[in-house]
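J.: Please find one structure pasted underneath; my questions will follow.
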Amino acid sequence: KGPGPSAYAWATAAVAAATGVSHFFFRHPDLADIVMVYLLAIVLVATRLGRWPSLLASLLSVAAFDWFFIPPYQTFAVTDFRHVGTFGVMLLVGLLISNLTERIRQQARLARAREQRTQALYKLSEELARTGGSSDLVASAIHNIAEQFQGRSTVMLPDPEGRLVPSGAAGFPLNPQELGVAQWAMEHGEAAGMGTGTLPGASATYLPLKGASGVIGVMGLLPEGAPRWIEPDNLRLLEAFANQTALAIERALLAERAGEAHRLADEERLRSALLSSVSHDLRTPLGGIMGAATTLLAGKQLSPESRELAQTIQEESQRMHRLVTNLLDITRLESGSLKVGKEWVPMEELVGSALARLEGAAAGRDIRVDLPPDLPMAQVDPALFEQALVNLLENALRHGADPIEIKAWASGASLTLSIGDRGPGIPEGFEERIFDKLVRGPEAKGGGAGLGLAICRGIVEAHGGSIRASNRHHTGGAQFYVTLPLGEAPPAPPDEENPMEG
């Protein structure tokens with residue numbers, strides 16, 4: 001914006017004042033002194049009013065000097081051409097003073113602008129450093145950015161599915177088109193929207209929030225009137241604000257995640273300690289109960305009612321024994337103290353042993369075993385893998401419906417065992433979660449602490465295998481698949497017809 005009419009009026013007044021001072025103080029004038037008075041007036045005008053008023057003051061000073069102090073007086077005629085050089089030097093010096101003064105004024109304005117930007121960045125950094133929590137950081141950043149750039153601001157962070165959502169209260173309405181522009185800025189890591197080369201028809205400007213680990217969100221700014229950040233200096237300041245905000249939010253999110261991980265680790269350690277303590281303390285009295293029930297059942301003097309009660313005590317104590325065993329197994333798995341001693345064992349032997357352990361629970365149930373005769377042996381820890389099979393079968397007996405089908409086959413370098421039932425199946429979204437510790441399906445019936453399948457996964461993975469679950473869409477029910485690596489072939493048995501000579 002240029003100087004107004006008042007600036008030129010003040011320039012004219014300054015030349016008039018210089019003329020009056022020269023008449024009053026220099027009755028026998030020395031032309032050099034008068035020239036200095038006019039140059040002083042030009043300097044004052046240039047300092048206070050700018051370039052163009054000072055140029056007017058230079059021209060008026062030359063004219064006044066000629067009119068009042070160069071004979072013939074009160075005319076612009078010049079009889080001594082030496083004065084023409086004086087006029088030229090006076091005008092040239094006035095022009096130089098105007099240009100130099102204007103340059104100094106511009107440098108002062110730039111310095112003030114840089115100081116203001118530095119103060120704004122310092123204020124933002126100070127508030128972000130003093131604020132804790134990602135939500136408070138976002139609110140503080142939105143307030144500072146809106147105040148500095150005279151607009152409405154918002155910060156958007158991605159949800160678990162990668163879609164941007166406003167963090168806290170949105171500073172301005174976001175329709176699908178605006179969200180699409182913000183999503184583009186997030187995915188490409190470049191500014192988009194108003195004032196940029198990408199999607200300039202948007203109502204707001206969107207800048208990616210770039211942290212140390214990449215783009216963590218998007219900042220949007222909607223102007224109130226003409227956007228102040230279109231100028232290069234203000235745009236750089238806006239980018240600096242975005243970078244400071246991104247680093248602060250990223251730091252807060254990392255701190256929150258670290259705190260959450262620490263809390264979960266503490267809970268897990270406490271839970272494991274409680275499980276280990278309870279399971280160890282239960283083993284001794286449980287062994288006594290099982291022994292007493294077995295002794296009672298071995299006697300012949302019990303009445304039918306007493307024998308039935310003793311049978312119930314034995315069955316429930318066995319069930320409690322399996323629960324305590326599961327607690328100990330999960331504690332060993334999590335502590336890393338589980339040792340796997342692999343042996344070559346036929347799969348039918350492992351399945352038969354597991355079914356024998358569940359003889360009481362499987363009584364009267366339709367269990368179908370389909371194991372091909374040429375099935376290769378599995379290299380497993382017999383006791384551990386048998387426990388995994390017991391847990392899988394017990395899960396099918398408790399939650400599934402007959403028939404329960406056990407199948408196995410070899411394919412390539414792996415051996416797969418499947419256990420399926422005709423029950424209600426696995427709820428959608430629980431195919432992976434049911435293998436987590438202390439997780440039970442929303443419609444699970446019967447007892448159980450949610451440890452059996454977690455132990456199965458730990459044992460199978462300790463053998464270098466994998467376990468997964470799915471629903472049987474044609475017949476209904478759940479299907480569990482255990483896959484083990486076959487490894488090298490087992491050693492061949494000695495030839496009985498031609499034994500080696502000793």
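Chain labels A, B, ... are given in the sequence in which chains occur in the structure tokens; within each chain residues are numbered consecutively from 1, and ligands are likewise numbered from 1 in the order shown.
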Which residues in stretch 16-111 of chain A does DSSP call alpha helix (DSSP H)? List them as an MDAnalysis selection string.
T.: chainID A and resid 16:25 31:49 51:69 82:111
J.: For A:Ala9, list every protein, DNA or RNA residue within 10 Å, evaluated using only C-alpha atoms, and leave out those in the same chain fewer than 6 positions away; present the list as a list in words.
T.: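 Residues meeting the cut-off are Pro53, Leu56 and Ala57 of chain A.
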J.: Could you save the residues just selected, with N, CA, C and O atoms, as a tab-separated table (two decimals), in the first residue's frame?
T.:
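The resulting result15.tsv:
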```tsv
chain	number	residue	atom	x	y	z
A	53	PRO	N	7.29	10.29	-1.35
A	53	PRO	CA	7.28	11.63	-0.75
A	53	PRO	C	8.67	12.26	-0.69
A	53	PRO	O	8.81	13.48	-0.83
A	56	LEU	N	9.43	13.68	-4.04
A	56	LEU	CA	8.76	14.98	-4.18
A	56	LEU	C	9.50	16.06	-3.41
A	56	LEU	O	9.68	17.19	-3.91
A	57	ALA	N	9.95	15.71	-2.22
A	57	ALA	CA	10.70	16.70	-1.42
A	57	ALA	C	11.99	17.10	-2.12
A	57	ALA	O	12.41	18.28	-2.06
```
J.: Might you pull out every residue within 9 Å of stretch 102-112 of chain A, with only C-alpha atoms counted and same-chain residues fewer than 6 positions away left off, and present them as a list in words?
T.: Ala46, Thr47, Gly50 and Arg51 of chain A
J.: Now that the selection is made, can you save its residues with N, CA and C atoms as a short mmCIF file (atom, residue, chain, number, x, y, z; two decimals), in the first residue's frame?
T.:
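Okay, result-v7.cif is ready:
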```cif
data_model
loop_
_atom_site.label_atom_id
_atom_site.label_comp_id
_atom_site.auth_asym_id
_atom_site.auth_seq_id
_atom_site.Cartn_x
_atom_site.Cartn_y
_atom_site.Cartn_z
N ALA A 46 12.27 11.12 3.92
CA ALA A 46 12.51 9.73 3.50
C ALA A 46 12.40 8.77 4.68
N THR A 47 12.88 9.19 5.85
CA THR A 47 12.85 8.30 7.01
C THR A 47 11.43 8.06 7.50
N GLY A 50 8.69 7.67 3.42
CA GLY A 50 8.94 6.73 2.35
C GLY A 50 9.58 7.35 1.13
N ARG A 51 9.70 6.50 0.07
CA ARG A 51 10.46 6.89 -1.11
C ARG A 51 9.78 8.00 -1.91
#
```
J.: Would you pick out the contacts of A:Met194 at 9 Å or less, using only C-alpha atoms, so that residues sharing its chain but fewer than 3 positions from it are not included, and give the list as a short mmCIF file (atom, residue, chain, number, x, y, z; two decimals) with N, CA, C and O atoms, in the first residue's frame?
T.:
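Printed below is selection_20.cif as written:
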```cif
data_model
loop_
_atom_site.label_atom_id
_atom_site.label_comp_id
_atom_site.auth_asym_id
_atom_site.auth_seq_id
_atom_site.Cartn_x
_atom_site.Cartn_y
_atom_site.Cartn_z
N GLY A 197 -0.62 -26.32 -6.04
CA GLY A 197 -0.77 -26.80 -7.41
C GLY A 197 -1.61 -28.05 -7.53
O GLY A 197 -1.85 -28.52 -8.64
N THR A 198 -2.06 -28.61 -6.39
CA THR A 198 -2.85 -29.84 -6.40
C THR A 198 -4.23 -29.56 -5.82
O THR A 198 -4.34 -29.07 -4.69
N LEU A 199 -5.26 -29.83 -6.62
CA LEU A 199 -6.65 -29.65 -6.19
C LEU A 199 -6.87 -28.25 -5.61
O LEU A 199 -7.35 -28.08 -4.48
N PRO A 200 -6.52 -27.20 -6.36
CA PRO A 200 -6.64 -25.83 -5.81
C PRO A 200 -8.07 -25.37 -5.60
O PRO A 200 -8.29 -24.33 -4.98
N GLY A 201 -9.05 -26.10 -6.11
CA GLY A 201 -10.44 -25.69 -5.93
C GLY A 201 -11.00 -25.99 -4.56
O GLY A 201 -12.16 -25.65 -4.28
N ALA A 202 -10.22 -26.63 -3.69
CA ALA A 202 -10.71 -26.93 -2.34
C ALA A 202 -10.89 -25.64 -1.55
O ALA A 202 -10.30 -24.60 -1.83
N SER A 203 -11.72 -25.73 -0.52
CA SER A 203 -12.00 -24.55 0.31
C SER A 203 -10.88 -24.22 1.27
O SER A 203 -10.77 -23.09 1.74
N ALA A 204 -10.04 -25.21 1.62
CA ALA A 204 -8.99 -25.02 2.62
C ALA A 204 -7.67 -25.55 2.07
O ALA A 204 -7.61 -26.21 1.02
N THR A 205 -6.62 -25.23 2.78
CA THR A 205 -5.28 -25.74 2.46
C THR A 205 -4.96 -26.87 3.43
O THR A 205 -5.18 -26.74 4.64
N TYR A 206 -4.40 -27.97 2.90
CA TYR A 206 -4.11 -29.14 3.71
C TYR A 206 -2.61 -29.46 3.60
O TYR A 206 -2.08 -29.61 2.50
N LEU A 222 -8.60 -23.18 6.99
CA LEU A 222 -9.62 -22.49 6.20
C LEU A 222 -9.53 -21.00 6.48
O LEU A 222 -9.65 -20.57 7.63
N PRO A 227 -6.57 -15.53 2.17
CA PRO A 227 -5.61 -16.37 2.90
C PRO A 227 -4.27 -15.65 3.07
O PRO A 227 -3.68 -15.17 2.11
N ILE A 230 -0.63 -17.41 1.53
CA ILE A 230 -0.30 -17.56 0.11
C ILE A 230 1.08 -16.99 -0.18
O ILE A 230 1.80 -17.48 -1.05
#
```
J.: Which residues are close to A:Arg48, i.e. within 12 Å by only C-alpha atoms, leaving aside same-chain residues fewer than 5 positions away? Reply as an MDAnalysis selection string.
T.: chainID A and resid 3 7:8 10:11 14 41:43 53:54 98 101:102 104:105
J.: Between atom CA of A:Glu461 and atom CA of A:Pro382, what is the distance, to one decimal in Å?
T.: 14.8 Å
J.: Excluding A:Pro173 and residues on its chain fewer than 4 positions from it, collect all residues at most 10 Å away from it, counting only C-alpha atoms, and give them as a short mmCIF file (atom, residue, chain, number, x, y, z; two decimals) with all heavy atoms, in the first residue's frame.
T.:
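The resulting file, selection_37.cif, is shown below:
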```cif
data_model
loop_
_atom_site.label_atom_id
_atom_site.label_comp_id
_atom_site.auth_asym_id
_atom_site.auth_seq_id
_atom_site.Cartn_x
_atom_site.Cartn_y
_atom_site.Cartn_z
N THR A 154 -7.85 -27.26 11.69
CA THR A 154 -8.19 -28.58 12.21
C THR A 154 -7.02 -29.52 11.98
O THR A 154 -6.20 -29.31 11.07
CB THR A 154 -9.47 -29.13 11.52
OG1 THR A 154 -9.86 -30.33 12.17
CG2 THR A 154 -9.20 -29.44 10.05
N GLU A 178 -13.66 -32.39 0.75
CA GLU A 178 -12.53 -31.86 1.53
C GLU A 178 -11.74 -33.00 2.18
O GLU A 178 -10.50 -32.97 2.22
CB GLU A 178 -13.05 -30.90 2.61
CG GLU A 178 -13.73 -29.66 2.07
CD GLU A 178 -12.76 -28.75 1.32
OE1 GLU A 178 -11.64 -28.54 1.82
OE2 GLU A 178 -13.13 -28.27 0.24
N LEU A 179 -12.43 -34.01 2.68
CA LEU A 179 -11.74 -35.17 3.25
C LEU A 179 -10.91 -35.89 2.20
O LEU A 179 -9.83 -36.41 2.49
CB LEU A 179 -12.75 -36.13 3.87
CG LEU A 179 -13.34 -35.71 5.22
CD1 LEU A 179 -14.44 -36.67 5.65
CD2 LEU A 179 -12.25 -35.66 6.30
N LEU A 222 -8.60 -23.18 6.99
CA LEU A 222 -9.62 -22.49 6.20
C LEU A 222 -9.53 -21.00 6.48
O LEU A 222 -9.65 -20.57 7.63
CB LEU A 222 -11.02 -23.01 6.56
CG LEU A 222 -12.19 -22.39 5.80
CD1 LEU A 222 -12.17 -22.84 4.34
CD2 LEU A 222 -13.51 -22.77 6.45
#
```
J.: Write out as an MDAnalysis selection string which residues come within 12 Å of stretch 285-293 of chain A when counting only C-alpha atoms, dropping same-chain ones fewer than 3 positions away.
T.: chainID A and resid 278:282 296:299 302 306:325
J.: Could you write out the selected residues, including C-alpha atoms, as a PDB file, in the first residue's frame?
T.:
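Written out: result.pdb:
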```
ATOM      1  CA  VAL A 278      -2.478 -70.513  42.309  1.00  0.00           C
ATOM      2  CA  SER A 279      -1.642 -73.524  40.158  1.00  0.00           C
ATOM      3  CA  HIS A 280       1.251 -74.609  42.380  1.00  0.00           C
ATOM      4  CA  ASP A 281      -0.791 -74.147  45.569  1.00  0.00           C
ATOM      5  CA  LEU A 282      -3.676 -76.211  44.144  1.00  0.00           C
ATOM      6  CA  LEU A 296     -13.162 -94.832  48.031  1.00  0.00           C
ATOM      7  CA  LEU A 297     -14.103 -96.188  44.608  1.00  0.00           C
ATOM      8  CA  ALA A 298     -11.759 -99.166  45.093  1.00  0.00           C
ATOM      9  CA  GLY A 299     -13.625-100.233  48.235  1.00  0.00           C
ATOM     10  CA  LEU A 302     -19.909 -98.056  49.496  1.00  0.00           C
ATOM     11  CA  SER A 306     -21.935 -92.862  48.004  1.00  0.00           C
ATOM     12  CA  ARG A 307     -20.247 -94.492  45.017  1.00  0.00           C
ATOM     13  CA  GLU A 308     -21.950 -91.993  42.716  1.00  0.00           C
ATOM     14  CA  LEU A 309     -20.733 -89.119  44.882  1.00  0.00           C
ATOM     15  CA  ALA A 310     -17.210 -90.535  44.911  1.00  0.00           C
ATOM     16  CA  GLN A 311     -17.356 -90.895  41.123  1.00  0.00           C
ATOM     17  CA  THR A 312     -18.414 -87.240  40.815  1.00  0.00           C
ATOM     18  CA  ILE A 313     -15.559 -86.172  43.110  1.00  0.00           C
ATOM     19  CA  GLN A 314     -13.071 -88.106  40.995  1.00  0.00           C
ATOM     20  CA  GLU A 315     -14.351 -86.690  37.696  1.00  0.00           C
ATOM     21  CA  GLU A 316     -14.431 -83.107  38.942  1.00  0.00           C
ATOM     22  CA  SER A 317     -10.979 -83.435  40.532  1.00  0.00           C
ATOM     23  CA  GLN A 318      -9.644 -84.755  37.231  1.00  0.00           C
ATOM     24  CA  ARG A 319     -11.210 -81.785  35.487  1.00  0.00           C
ATOM     25  CA  MET A 320      -9.618 -79.485  38.059  1.00  0.00           C
ATOM     26  CA  HIS A 321      -6.306 -81.287  37.519  1.00  0.00           C
ATOM     27  CA  ARG A 322      -6.477 -80.529  33.788  1.00  0.00           C
ATOM     28  CA  LEU A 323      -7.178 -76.863  34.561  1.00  0.00           C
ATOM     29  CA  VAL A 324      -4.186 -76.658  36.921  1.00  0.00           C
ATOM     30  CA  THR A 325      -2.046 -78.406  34.311  1.00  0.00           C
TER      31      THR A 325
END
```
J.: Calculate how many Å separate atom CA of A:Tyr38 from atom CA of A:Ala18, rounding to one decimal.
T.: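 Atom CA of A:Ala18 lies at a distance of 5.8 Å from atom CA of A:Tyr38.
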J.: Closest to A:Arg357 among A:Gly85, A:Ala378, A:Leu393, A:Glu428, using only C-alpha atoms?
T.: A:Leu393
J.: Would you please give, as a PyMOL selection string, all residues of stretch 138-313 of chain A that DSSP assigns to strand (DSSP E) based on the backbone?
T.: chain A and resi 151-158+164-166+192-193+205-211+214-223
J.: Give the answer as one residue: which of A:Met219, A:Ala192, A:Val155, A:Val165 has the shortest atom-to-atom distance to A:Ala139, using only C-alpha atoms?
T.: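 Of all the options, A:Val155 lies closest to A:Ala139.
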J.: Considering only C-alpha atoms, state which residue in the set A:Gly180, A:Phe241, A:Thr86, A:Asp159 is at the smallest distance from A:His143.
T.: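 Of A:Gly180, A:Phe241, A:Thr86, A:Asp159, the one nearest A:His143, counting only C-alpha atoms, is A:Phe241.
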